[in-house]
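Trainee: Contents of run20.pdb (PDB, C-alpha atoms, pLDDT in the B column):
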```
ATOM      1  CA  LEU Q   1     100.493  75.548  79.105  1.00 89.00           C
ATOM      2  CA  GLU Q   2      96.861  74.723  79.891  1.00 90.00           C
ATOM      3  CA  ARG Q   3      97.281  71.224  78.389  1.00 94.00           C
ATOM      4  CA  LEU Q   4      99.829  70.481  81.140  1.00 95.00           C
ATOM      5  CA  GLY Q   5      97.168  70.693  83.854  1.00 95.00           C
ATOM      6  CA  ALA Q   6      95.967  73.169  86.453  1.00 96.00           C
ATOM      7  CA  SER Q   7      98.809  72.523  88.899  1.00 97.00           C
ATOM      8  CA  ALA Q   8     101.394  73.117  86.143  1.00 97.00           C
ATOM      9  CA  VAL Q   9      99.677  76.377  85.211  1.00 97.00           C
ATOM     10  CA  ARG Q  10      99.666  77.532  88.837  1.00 97.00           C
ATOM     11  CA  LEU Q  11     103.330  76.595  89.291  1.00 97.00           C
ATOM     12  CA  ALA Q  12     104.303  78.438  86.090  1.00 97.00           C
ATOM     13  CA  TRP Q  13     102.330  81.488  87.222  1.00 97.00           C
ATOM     14  CA  ALA Q  14     104.029  81.375  90.633  1.00 97.00           C
ATOM     15  CA  ALA Q  15     107.462  81.155  88.994  1.00 96.00           C
ATOM     16  CA  ALA Q  16     106.593  84.101  86.742  1.00 96.00           C
ATOM     17  CA  VAL Q  17     105.500  86.205  89.713  1.00 96.00           C
ATOM     18  CA  LEU Q  18     108.524  85.250  91.824  1.00 95.00           C
ATOM     19  CA  GLY Q  19     111.004  85.852  89.033  1.00 90.00           C
ATOM     20  CA  ALA Q  20     114.625  85.261  90.041  1.00 76.00           C
ATOM     21  CA  GLU Q  21     113.539  84.211  93.541  1.00 67.00           C
ATOM     22  CA  ALA Q  22     111.715  81.133  92.240  1.00 85.00           C
ATOM     23  CA  ALA Q  23     113.079  78.435  94.514  1.00 90.00           C
ATOM     24  CA  PRO Q  24     110.893  75.370  93.925  1.00 93.00           C
ATOM     25  CA  SER Q  25     109.576  75.337  97.496  1.00 93.00           C
ATOM     26  CA  LEU Q  26     108.663  79.033  97.354  1.00 94.00           C
ATOM     27  CA  ALA Q  27     106.928  78.589  93.993  1.00 95.00           C
ATOM     28  CA  ALA Q  28     104.992  75.605  95.363  1.00 96.00           C
ATOM     29  CA  ASP Q  29     103.892  77.658  98.377  1.00 96.00           C
ATOM     30  CA  VAL Q  30     102.803  80.598  96.211  1.00 97.00           C
ATOM     31  CA  ALA Q  31     100.906  78.203  93.928  1.00 97.00           C
ATOM     32  CA  ALA Q  32      99.370  76.478  96.986  1.00 96.00           C
ATOM     33  CA  LEU Q  33     100.592  73.063  95.850  1.00 97.00           C
ATOM     34  CA  GLU Q  34     101.594  70.103  98.012  1.00 96.00           C
ATOM     35  CA  PRO Q  35     105.246  69.017  97.501  1.00 93.00           C
ATOM     36  CA  GLY Q  36     104.356  65.910  95.459  1.00 94.00           C
ATOM     37  CA  GLU Q  37     101.903  67.815  93.289  1.00 96.00           C
ATOM     38  CA  ALA Q  38     104.475  70.576  92.752  1.00 94.00           C
ATOM     39  CA  ALA Q  39     107.150  68.035  91.752  1.00 94.00           C
ATOM     40  CA  GLU Q  40     104.808  66.476  89.185  1.00 96.00           C
ATOM     41  CA  ALA Q  41     103.883  69.899  87.805  1.00 96.00           C
ATOM     42  CA  ARG Q  42     107.558  70.887  87.620  1.00 94.00           C
ATOM     43  CA  ALA Q  43     108.348  67.652  85.748  1.00 94.00           C
ATOM     44  CA  ARG Q  44     105.589  68.381  83.209  1.00 96.00           C
ATOM     45  CA  LEU Q  45     106.797  71.973  82.771  1.00 96.00           C
ATOM     46  CA  THR Q  46     110.395  70.795  82.358  1.00 94.00           C
ATOM     47  CA  ALA Q  47     109.420  68.120  79.816  1.00 95.00           C
ATOM     48  CA  ALA Q  48     107.486  70.755  77.864  1.00 95.00           C
ATOM     49  CA  ARG Q  49     110.561  73.025  77.985  1.00 95.00           C
ATOM     50  CA  VAL Q  50     108.710  75.774  79.792  1.00 95.00           C
ATOM     51  CA  LEU Q  51     110.896  75.676  82.913  1.00 94.00           C
ATOM     52  CA  THR Q  52     114.386  74.499  83.773  1.00 92.00           C
ATOM     53  CA  GLY Q  53     116.025  73.907  87.148  1.00 88.00           C
ATOM     54  CA  GLY Q  54     114.306  72.994  90.365  1.00 79.00           C
ATOM     55  CA  GLU Q  55     116.507  70.049  91.307  1.00 81.00           C
ATOM     56  CA  GLU Q  56     118.018  70.276  94.784  1.00 75.00           C
ATOM     57  CA  GLU Q  57     116.311  73.628  95.362  1.00 75.00           C
ATOM     58  CA  ARG Q  58     118.036  75.278  92.398  1.00 87.00           C
ATOM     59  CA  PRO Q  59     115.869  78.176  91.199  1.00 90.00           C
ATOM     60  CA  LEU Q  60     113.218  77.564  88.604  1.00 92.00           C
ATOM     61  CA  ARG Q  61     113.949  79.459  85.416  1.00 93.00           C
ATOM     62  CA  PHE Q  62     111.992  79.879  82.239  1.00 95.00           C
ATOM     63  CA  SER Q  63     113.580  78.307  79.196  1.00 92.00           C
ATOM     64  CA  HIS Q  64     113.406  81.647  77.386  1.00 93.00           C
ATOM     65  CA  PRO Q  65     112.675  85.243  78.493  1.00 92.00           C
ATOM     66  CA  LEU Q  66     109.799  85.442  76.013  1.00 94.00           C
ATOM     67  CA  THR Q  67     108.239  82.411  77.667  1.00 94.00           C
ATOM     68  CA  ALA Q  68     108.469  84.108  81.050  1.00 93.00           C
ATOM     69  CA  THR Q  69     106.840  87.237  79.637  1.00 94.00           C
ATOM     70  CA  ALA Q  70     104.074  85.258  77.935  1.00 94.00           C
ATOM     71  CA  VAL Q  71     103.319  83.274  81.096  1.00 96.00           C
ATOM     72  CA  HIS Q  72     103.268  86.429  83.234  1.00 95.00           C
ATOM     73  CA  ARG Q  73     100.917  88.161  80.790  1.00 95.00           C
ATOM     74  CA  SER Q  74      98.624  85.113  80.739  1.00 95.00           C
ATOM     75  CA  ILE Q  75      97.824  85.497  84.433  1.00 96.00           C
ATOM     76  CA  PRO Q  76      94.413  87.150  84.819  1.00 96.00           C
ATOM     77  CA  PRO Q  77      94.951  90.565  86.481  1.00 96.00           C
ATOM     78  CA  ALA Q  78      93.039  89.780  89.679  1.00 95.00           C
ATOM     79  CA  LEU Q  79      94.917  86.503  90.084  1.00 95.00           C
ATOM     80  CA  ARG Q  80      98.234  88.251  89.436  1.00 96.00           C
ATOM     81  CA  VAL Q  81      97.505  90.637  92.316  1.00 96.00           C
ATOM     82  CA  ALA Q  82      96.574  87.689  94.536  1.00 96.00           C
ATOM     83  CA  PHE Q  83      99.744  85.810  93.549  1.00 97.00           C
ATOM     84  CA  HIS Q  84     101.851  88.871  94.397  1.00 97.00           C
ATOM     85  CA  GLY Q  85     100.146  89.085  97.798  1.00 96.00           C
ATOM     86  CA  GLN Q  86     100.840  85.407  98.405  1.00 97.00           C
ATOM     87  CA  ALA Q  87     104.421  85.817  97.151  1.00 96.00           C
ATOM     88  CA  ALA Q  88     105.011  88.698  99.584  1.00 97.00           C
ATOM     89  CA  ALA Q  89     103.874  86.529 102.486  1.00 96.00           C
ATOM     90  CA  VAL Q  90     105.880  83.512 101.325  1.00 96.00           C
ATOM     91  CA  VAL Q  91     109.183  85.347 100.760  1.00 95.00           C
ATOM     92  CA  ALA Q  92     108.821  87.227 104.044  1.00 95.00           C
ATOM     93  CA  GLY Q  93     108.079  83.967 105.866  1.00 94.00           C
ATOM     94  CA  ALA Q  94     111.116  82.367 104.231  1.00 94.00           C
ATOM     95  CA  GLY Q  95     113.350  85.130 105.580  1.00 93.00           C
ATOM     96  CA  CYS Q  96     114.151  86.644 102.192  1.00 93.00           C
ATOM     97  CA  GLY Q  97     114.003  90.143 103.665  1.00 94.00           C
ATOM     98  CA  PRO Q  98     111.856  93.239 103.301  1.00 96.00           C
ATOM     99  CA  LYS Q  99     113.148  94.174  99.833  1.00 96.00           C
ATOM    100  CA  ALA Q 100     112.048  90.812  98.421  1.00 95.00           C
ATOM    101  CA  ALA Q 101     108.610  91.216 100.006  1.00 97.00           C
ATOM    102  CA  ALA Q 102     108.314  94.874  98.949  1.00 97.00           C
ATOM    103  CA  ARG Q 103     108.784  93.937  95.305  1.00 95.00           C
ATOM    104  CA  HIS Q 104     105.479  92.077  95.564  1.00 97.00           C
ATOM    105  CA  LEU Q 105     103.741  94.493  97.938  1.00 97.00           C
ATOM    106  CA  LEU Q 106     104.133  97.220  95.317  1.00 97.00           C
ATOM    107  CA  GLU Q 107     101.778  95.150  93.125  1.00 96.00           C
ATOM    108  CA  VAL Q 108      98.940  94.538  95.605  1.00 96.00           C
ATOM    109  CA  HIS Q 109      95.978  96.753  96.425  1.00 95.00           C
ATOM    110  CA  PRO Q 110      96.147  98.911  99.575  1.00 96.00           C
ATOM    111  CA  GLU Q 111      94.164  97.488 102.492  1.00 94.00           C
ATOM    112  CA  GLY Q 112      95.251  99.562 105.483  1.00 93.00           C
ATOM    113  CA  ASP Q 113      97.597  96.851 106.786  1.00 95.00           C
ATOM    114  CA  PRO Q 114     100.175  98.192 109.277  1.00 95.00           C
ATOM    115  CA  ALA Q 115     102.458  95.210 108.560  1.00 95.00           C
ATOM    116  CA  VAL Q 116     102.608  96.211 104.879  1.00 96.00           C
ATOM    117  CA  VAL Q 117     103.549  99.769 105.846  1.00 97.00           C
ATOM    118  CA  ALA Q 118     106.265  98.478 108.187  1.00 96.00           C
ATOM    119  CA  THR Q 119     107.707  96.145 105.542  1.00 97.00           C
ATOM    120  CA  LEU Q 120     107.724  98.883 102.900  1.00 98.00           C
ATOM    121  CA  ARG Q 121     109.472 101.272 105.310  1.00 97.00           C
ATOM    122  CA  GLU Q 122     112.108  98.645 106.136  1.00 97.00           C
ATOM    123  CA  ALA Q 123     112.649  97.997 102.437  1.00 97.00           C
ATOM    124  CA  ALA Q 124     112.965 101.735 101.776  1.00 97.00           C
ATOM    125  CA  ALA Q 125     115.647 102.023 104.463  1.00 96.00           C
ATOM    126  CA  GLU Q 126     117.552  99.105 102.901  1.00 97.00           C
ATOM    127  CA  TYR Q 127     117.269 100.656  99.435  1.00 96.00           C
ATOM    128  CA  LEU Q 128     118.606 103.976 100.749  1.00 94.00           C
ATOM    129  CA  ARG Q 129     121.564 102.231 102.402  1.00 94.00           C
ATOM    130  CA  ALA Q 130     122.232 100.474  99.087  1.00 95.00           C
ATOM    131  CA  GLY Q 131     122.182 103.787  97.190  1.00 93.00           C
ATOM    132  CA  ALA Q 132     118.853 103.237  95.415  1.00 94.00           C
ATOM    133  CA  PRO Q 133     116.762 106.296  96.367  1.00 94.00           C
ATOM    134  CA  GLU Q 134     114.222 105.832  93.559  1.00 95.00           C
ATOM    135  CA  ALA Q 135     113.349 102.346  94.809  1.00 95.00           C
ATOM    136  CA  ALA Q 136     113.114 103.708  98.359  1.00 96.00           C
ATOM    137  CA  ARG Q 137     110.805 106.473  97.161  1.00 96.00           C
ATOM    138  CA  ARG Q 138     108.520 103.934  95.403  1.00 96.00           C
ATOM    139  CA  CYS Q 139     108.252 101.913  98.614  1.00 97.00           C
ATOM    140  CA  LEU Q 140     107.440 104.949 100.743  1.00 97.00           C
ATOM    141  CA  GLU Q 141     104.912 106.319  98.258  1.00 96.00           C
ATOM    142  CA  ARG Q 142     103.188 102.922  98.230  1.00 97.00           C
ATOM    143  CA  ALA Q 143     103.257 102.869 102.053  1.00 97.00           C
ATOM    144  CA  LEU Q 144     101.353 106.169 102.039  1.00 96.00           C
ATOM    145  CA  ARG Q 145      98.645 104.628  99.858  1.00 96.00           C
ATOM    146  CA  GLU Q 146      98.169 101.700 102.288  1.00 95.00           C
ATOM    147  CA  PRO Q 147      97.549 104.099 104.356  1.00 92.00           C
ATOM    148  CA  PRO Q 148      99.475 104.230 107.622  1.00 94.00           C
ATOM    149  CA  GLY Q 149      97.967 105.512 110.853  1.00 91.00           C
ATOM    150  CA  PRO Q 150      98.314 109.253 111.633  1.00 89.00           C
ATOM    151  CA  ARG Q 151     101.554 108.976 113.655  1.00 90.00           C
ATOM    152  CA  GLU Q 152     103.145 106.560 111.248  1.00 93.00           C
ATOM    153  CA  ARG Q 153     102.030 108.721 108.312  1.00 95.00           C
ATOM    154  CA  ALA Q 154     104.112 111.585 109.695  1.00 94.00           C
ATOM    155  CA  ALA Q 155     107.130 109.274 109.958  1.00 94.00           C
ATOM    156  CA  VAL Q 156     106.639 107.992 106.396  1.00 95.00           C
ATOM    157  CA  LEU Q 157     106.343 111.563 105.087  1.00 95.00           C
ATOM    158  CA  HIS Q 158     109.526 112.486 106.942  1.00 94.00           C
ATOM    159  CA  GLU Q 159     111.357 109.494 105.456  1.00 94.00           C
ATOM    160  CA  LEU Q 160     110.025 110.355 102.008  1.00 94.00           C
ATOM    161  CA  ASP Q 161     111.230 113.928 102.436  1.00 92.00           C
ATOM    162  CA  ARG Q 162     114.712 112.608 103.252  1.00 89.00           C
ATOM    163  CA  CYS Q 163     114.861 110.554 100.024  1.00 87.00           C
ATOM    164  CA  PRO Q 164     116.959 112.334  97.450  1.00 82.00           C
ATOM    165  CA  LEU Q 165     115.077 113.191  94.298  1.00 74.00           C
ATOM    166  CA  PRO Q 166     116.258 111.515  91.129  1.00 65.00           C
ATOM    167  CA  ALA Q 167     118.663 113.781  89.229  1.00 58.00           C
ATOM    168  CA  ARG Q 168     116.209 114.225  86.354  1.00 53.00           C
ATOM    169  CA  LEU Q 169     113.570 115.590  88.762  1.00 52.00           C
ATOM    170  CA  ALA Q 170     115.908 117.604  90.962  1.00 51.00           C
ATOM    171  CA  THR Q 171     116.993 119.741  88.021  1.00 50.00           C
ATOM    172  CA  ALA Q 172     113.602 119.893  86.265  1.00 50.00           C
ATOM    173  CA  GLY Q 173     112.638 123.284  87.686  1.00 53.00           C
ATOM    174  CA  ARG Q 174     116.016 124.944  87.308  1.00 50.00           C
ATOM    175  CA  PRO Q 175     116.705 127.102  84.284  1.00 51.00           C
ATOM    176  CA  ARG Q 176     119.378 125.712  82.038  1.00 52.00           C
ATOM    177  CA  ALA Q 177     122.465 127.727  81.309  1.00 50.00           C
ATOM    178  CA  ALA Q 178     122.458 129.091  77.811  1.00 50.00           C
ATOM    179  CA  PRO Q 179     125.233 127.734  75.597  1.00 52.00           C
ATOM    180  CA  ALA Q 180     128.203 130.084  75.296  1.00 51.00           C
ATOM    181  CA  ARG Q 181     127.570 130.504  71.554  1.00 52.00           C
ATOM    182  CA  ALA Q 182     124.025 131.717  72.218  1.00 50.00           C
ATOM    183  CA  LEU Q 183     125.379 134.407  74.497  1.00 49.00           C
ATOM    184  CA  GLY Q 184     127.782 135.645  71.823  1.00 53.00           C
ATOM    185  CA  ARG Q 185     130.825 134.054  73.454  1.00 49.00           C
ATOM    186  CA  ARG Q 186     133.119 131.539  71.874  1.00 49.00           C
TER     187      ARG Q 186
END
```
What is this structure when it is put down as structure tokens?

Mentor:
Amino acid sequence: LERLGASAVRLAWAAAVLGAEAAPSLAADVAALEPGEAAEARARLTAARVLTGGEEERPLRFSHPLTATAVHRSIPPALRVAFHGQAAAVVAGAGCGPKAAARHLLEVHPEGDPAVVATLREAAAEYLRAGAPEAARRCLERALREPPGPRERAAVLHELDRCPLPARLATAGRPRAAPARALGRR
């Protein structure tokens, strides 16, 4: 990958961070590449069979899942966090919605940003409407670590309290019924 040049590395890293959302323009923005530079990098990555797609804004995809995993793991941890922060801003700016941004905000370090708290709360509400309470809970727990201001903290705690617990946790403290055979019944 490094032999393909710095811009190709950055574009591959951006595609790995974006995952299924890797529209070429979004990946170029996350990688901080000009359109011409991004097109050249994409051509090199395609010729090397690292990436496929990208024509006419079709999503960039890795040629193999193992390649995607290897590229993602090759990103230095601090840069990965920075790329996720950039990806959150880019997907939000592109109108991809709070859930798309939240996926990346879960990976960045808390900085006390009220906009991050608001986005995570919006994503949590969408996840609850979609029947995904565990994802909503992750967003709200991350929002608490940002942290929100005192009034907003109370609202986040209230929303978190309204999230149903996953079934495996909801029954964890309850005693299990003994099997009928153990009680002498058949």

Trainee: Tell me which of Q:Pro77, Q:Gly149, Q:Gly131, Q:Pro65 sits closest to Pro164 (chain Q), counting all atoms listed in the file.

Mentor: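 Counting all atoms listed in the file, the residue closest to Pro164 (chain Q) is Q:Gly131.
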
Trainee: Counting all atoms listed in the file, what is within 12 Å of Gly53 (chain Q), bar same-chain residues fewer than 5 positions away, as number ranges by chain?

Mentor: Q: 15, 20, 22-24, 39, 42-43, 45-47, 58-63

Trainee: Between CA of Ala31 (chain Q) and CA of Pro147 (chain Q), measure the distance and give it in Å to one decimal.

Mentor: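 Between CA of Ala31 (chain Q) and CA of Pro147 (chain Q) the gap is 28.1 Å.
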
Trainee: Kindly provide, as lines of an AutoDock Vina configuration file, the centre and edge lengths (Å, one decimal) of an axis-aligned box around all atoms of region 21-39 of chain Q given in the file, with 3 Å on each side.

Mentor:
```
center_x = 106.5
center_y = 75.1
center_z = 95.1
size_x = 20.2
size_y = 24.3
size_z = 12.6
```

Trainee: I need the residue set behind the PyMOL selection byres ((chain Q and resi 81) around 10) for this file; please write it as a list in words.

Mentor: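 So the PyMOL selection byres ((chain Q and resi 81) around 10), applied here, picks out Val17, Ile75, Pro76, Pro77, Ala78, Leu79, Arg80, Ala82, Phe83, His84, Gly85, Gln86, Ala87, His104, Leu105, Leu106, Glu107, Val108 and His109 of chain Q.
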
Trainee: Near region 115-120 of chain Q, within 7 Å and counting only C-alpha atoms, which residues show up once chain neighbours fewer than 2 positions away are dropped, as a list of chain:residue names?

Mentor: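 In the requested format, the answer is Q:Pro98, Q:Ala102, Q:Asp113, Q:Glu122, Q:Ala123, Q:Ala124, Q:Cys139, Q:Leu140, Q:Ala143, Q:Glu146, Q:Pro148.
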
Trainee: In Å, rounded to a single decimal, give me how far CA of Arg3 (chain Q) is from CA of Asp29 (chain Q).

Mentor: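 Going from CA of Asp29 (chain Q) over to CA of Arg3 (chain Q) covers 22.0 Å.
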
Trainee: Looking at only C-alpha atoms, which of Q:Ala41, Q:Val50, Q:Val156, Q:Leu128 is the one that sits closest to Gly5 (chain Q)?

Mentor: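 Under the stated criterion, the closest residue is Q:Ala41.
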
Trainee: CA of His72 (chain Q) to CA of Ala16 (chain Q): how many Å, to one decimal?

Mentor: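 Value for the CA of His72 (chain Q)-CA of Ala16 (chain Q) distance: 5.4 Å.
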
Trainee: With distances taken over only C-alpha atoms, which residue among Q:Lys99, Q:Leu144, Q:Ala32, Q:Arg153 lies nearest Arg129 (chain Q)?

Mentor: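 Selected residue with least distance to Arg129 (chain Q): Q:Lys99.
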
Trainee: Which residue is closest to Pro110 (chain Q)? Choose from Q:Gly93, Q:Glu141, Q:Ala27, Q:Arg10 and count only C-alpha atoms.

Mentor: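 Using only C-alpha atoms, the shortest distance to Pro110 (chain Q) belongs to Q:Glu141.
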
Trainee: Nearest to Val71 (chain Q): which of Q:Glu2, Q:Glu111, Q:Glu34, Q:Glu56 is it, counting all atoms listed in the file?

Mentor: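 Distance minimum relative to Val71 (chain Q) lands on Q:Glu2.
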
Trainee: Pick out the closest residue to Ala88 (chain Q) from this set: Q:Ser74, Q:Glu126, Q:Leu160, Q:Ala14. Count all atoms listed in the file.

Mentor: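 For Ala88 (chain Q), the nearest of the candidates is Q:Ala14.
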
Trainee: Taking the structure in the block just given, could you write region 11-22 of chain Q with all heavy atoms, as an mmCIF file, in the first residue's frame?

Mentor:
```
data_model
loop_
_atom_site.group_PDB
_atom_site.id
_atom_site.type_symbol
_atom_site.label_atom_id
_atom_site.label_comp_id
_atom_site.auth_asym_id
_atom_site.auth_seq_id
_atom_site.Cartn_x
_atom_site.Cartn_y
_atom_site.Cartn_z
ATOM 1 N N LEU Q 11 -6.330 7.719 1.045
ATOM 2 C CA LEU Q 11 -7.637 7.371 0.485
ATOM 3 C C LEU Q 11 -8.067 5.979 0.954
ATOM 4 O O LEU Q 11 -9.242 5.774 1.296
ATOM 5 C CB LEU Q 11 -7.618 7.445 -1.036
ATOM 6 C CG LEU Q 11 -8.977 7.272 -1.716
ATOM 7 C CD1 LEU Q 11 -9.907 8.428 -1.350
ATOM 8 C CD2 LEU Q 11 -8.824 7.180 -3.220
ATOM 9 N N ALA Q 12 -7.152 5.032 0.991
ATOM 10 C CA ALA Q 12 -7.475 3.686 1.478
ATOM 11 C C ALA Q 12 -7.871 3.737 2.949
ATOM 12 O O ALA Q 12 -8.834 3.085 3.365
ATOM 13 C CB ALA Q 12 -6.294 2.744 1.272
ATOM 14 N N TRP Q 13 -7.152 4.518 3.745
ATOM 15 C CA TRP Q 13 -7.502 4.655 5.157
ATOM 16 C C TRP Q 13 -8.895 5.270 5.308
ATOM 17 O O TRP Q 13 -9.697 4.819 6.122
ATOM 18 C CB TRP Q 13 -6.477 5.518 5.883
ATOM 19 C CG TRP Q 13 -5.165 4.845 6.147
ATOM 20 C CD1 TRP Q 13 -4.826 3.528 5.939
ATOM 21 C CD2 TRP Q 13 -4.004 5.461 6.680
ATOM 22 N NE1 TRP Q 13 -3.530 3.306 6.308
ATOM 23 C CE2 TRP Q 13 -2.987 4.485 6.773
ATOM 24 C CE3 TRP Q 13 -3.698 6.762 7.076
ATOM 25 C CZ2 TRP Q 13 -1.713 4.753 7.269
ATOM 26 C CZ3 TRP Q 13 -2.423 7.032 7.570
ATOM 27 C CH2 TRP Q 13 -1.450 6.034 7.660
ATOM 28 N N ALA Q 14 -9.180 6.291 4.511
ATOM 29 C CA ALA Q 14 -10.499 6.939 4.579
ATOM 30 C C ALA Q 14 -11.593 5.952 4.208
ATOM 31 O O ALA Q 14 -12.639 5.891 4.867
ATOM 32 C CB ALA Q 14 -10.538 8.156 3.662
ATOM 33 N N ALA Q 15 -11.372 5.154 3.173
ATOM 34 C CA ALA Q 15 -12.364 4.150 2.773
ATOM 35 C C ALA Q 15 -12.549 3.109 3.872
ATOM 36 O O ALA Q 15 -13.671 2.668 4.131
ATOM 37 C CB ALA Q 15 -11.938 3.478 1.461
ATOM 38 N N ALA Q 16 -11.474 2.731 4.544
ATOM 39 C CA ALA Q 16 -11.575 1.753 5.625
ATOM 40 C C ALA Q 16 -12.365 2.311 6.800
ATOM 41 O O ALA Q 16 -13.176 1.612 7.409
ATOM 42 C CB ALA Q 16 -10.179 1.320 6.080
ATOM 43 N N VAL Q 17 -12.155 3.574 7.108
ATOM 44 C CA VAL Q 17 -12.884 4.209 8.213
ATOM 45 C C VAL Q 17 -14.351 4.396 7.855
ATOM 46 O O VAL Q 17 -15.245 4.141 8.668
ATOM 47 C CB VAL Q 17 -12.213 5.551 8.599
ATOM 48 C CG1 VAL Q 17 -13.119 6.388 9.477
ATOM 49 C CG2 VAL Q 17 -10.888 5.289 9.303
ATOM 50 N N LEU Q 18 -14.624 4.814 6.628
ATOM 51 C CA LEU Q 18 -16.013 5.045 6.207
ATOM 52 C C LEU Q 18 -16.792 3.752 6.047
ATOM 53 O O LEU Q 18 -18.004 3.727 6.256
ATOM 54 C CB LEU Q 18 -16.050 5.837 4.899
ATOM 55 C CG LEU Q 18 -15.729 7.316 5.019
ATOM 56 C CD1 LEU Q 18 -15.484 7.920 3.651
ATOM 57 C CD2 LEU Q 18 -16.831 8.049 5.756
ATOM 58 N N GLY Q 19 -16.144 2.696 5.652
ATOM 59 C CA GLY Q 19 -16.832 1.428 5.464
ATOM 60 C C GLY Q 19 -17.804 1.503 4.302
ATOM 61 O O GLY Q 19 -17.469 2.003 3.228
ATOM 62 N N ALA Q 20 -19.024 1.043 4.514
ATOM 63 C CA ALA Q 20 -20.022 0.959 3.443
ATOM 64 C C ALA Q 20 -20.437 2.329 2.925
ATOM 65 O O ALA Q 20 -21.038 2.429 1.871
ATOM 66 C CB ALA Q 20 -21.246 0.197 3.942
ATOM 67 N N GLU Q 21 -20.130 3.381 3.644
ATOM 68 C CA GLU Q 21 -20.512 4.733 3.234
ATOM 69 C C GLU Q 21 -19.487 5.366 2.313
ATOM 70 O O GLU Q 21 -19.543 6.562 2.047
ATOM 71 C CB GLU Q 21 -20.631 5.633 4.467
ATOM 72 C CG GLU Q 21 -21.515 5.100 5.544
ATOM 73 C CD GLU Q 21 -21.101 5.633 6.908
ATOM 74 O OE1 GLU Q 21 -20.378 6.618 7.006
ATOM 75 O OE2 GLU Q 21 -21.523 5.022 7.883
ATOM 76 N N ALA Q 22 -18.512 4.620 1.833
ATOM 77 C CA ALA Q 22 -17.355 5.204 1.159
ATOM 78 C C ALA Q 22 -17.644 5.680 -0.253
ATOM 79 O O ALA Q 22 -17.094 5.167 -1.221
ATOM 80 C CB ALA Q 22 -16.189 4.231 1.175
#
```
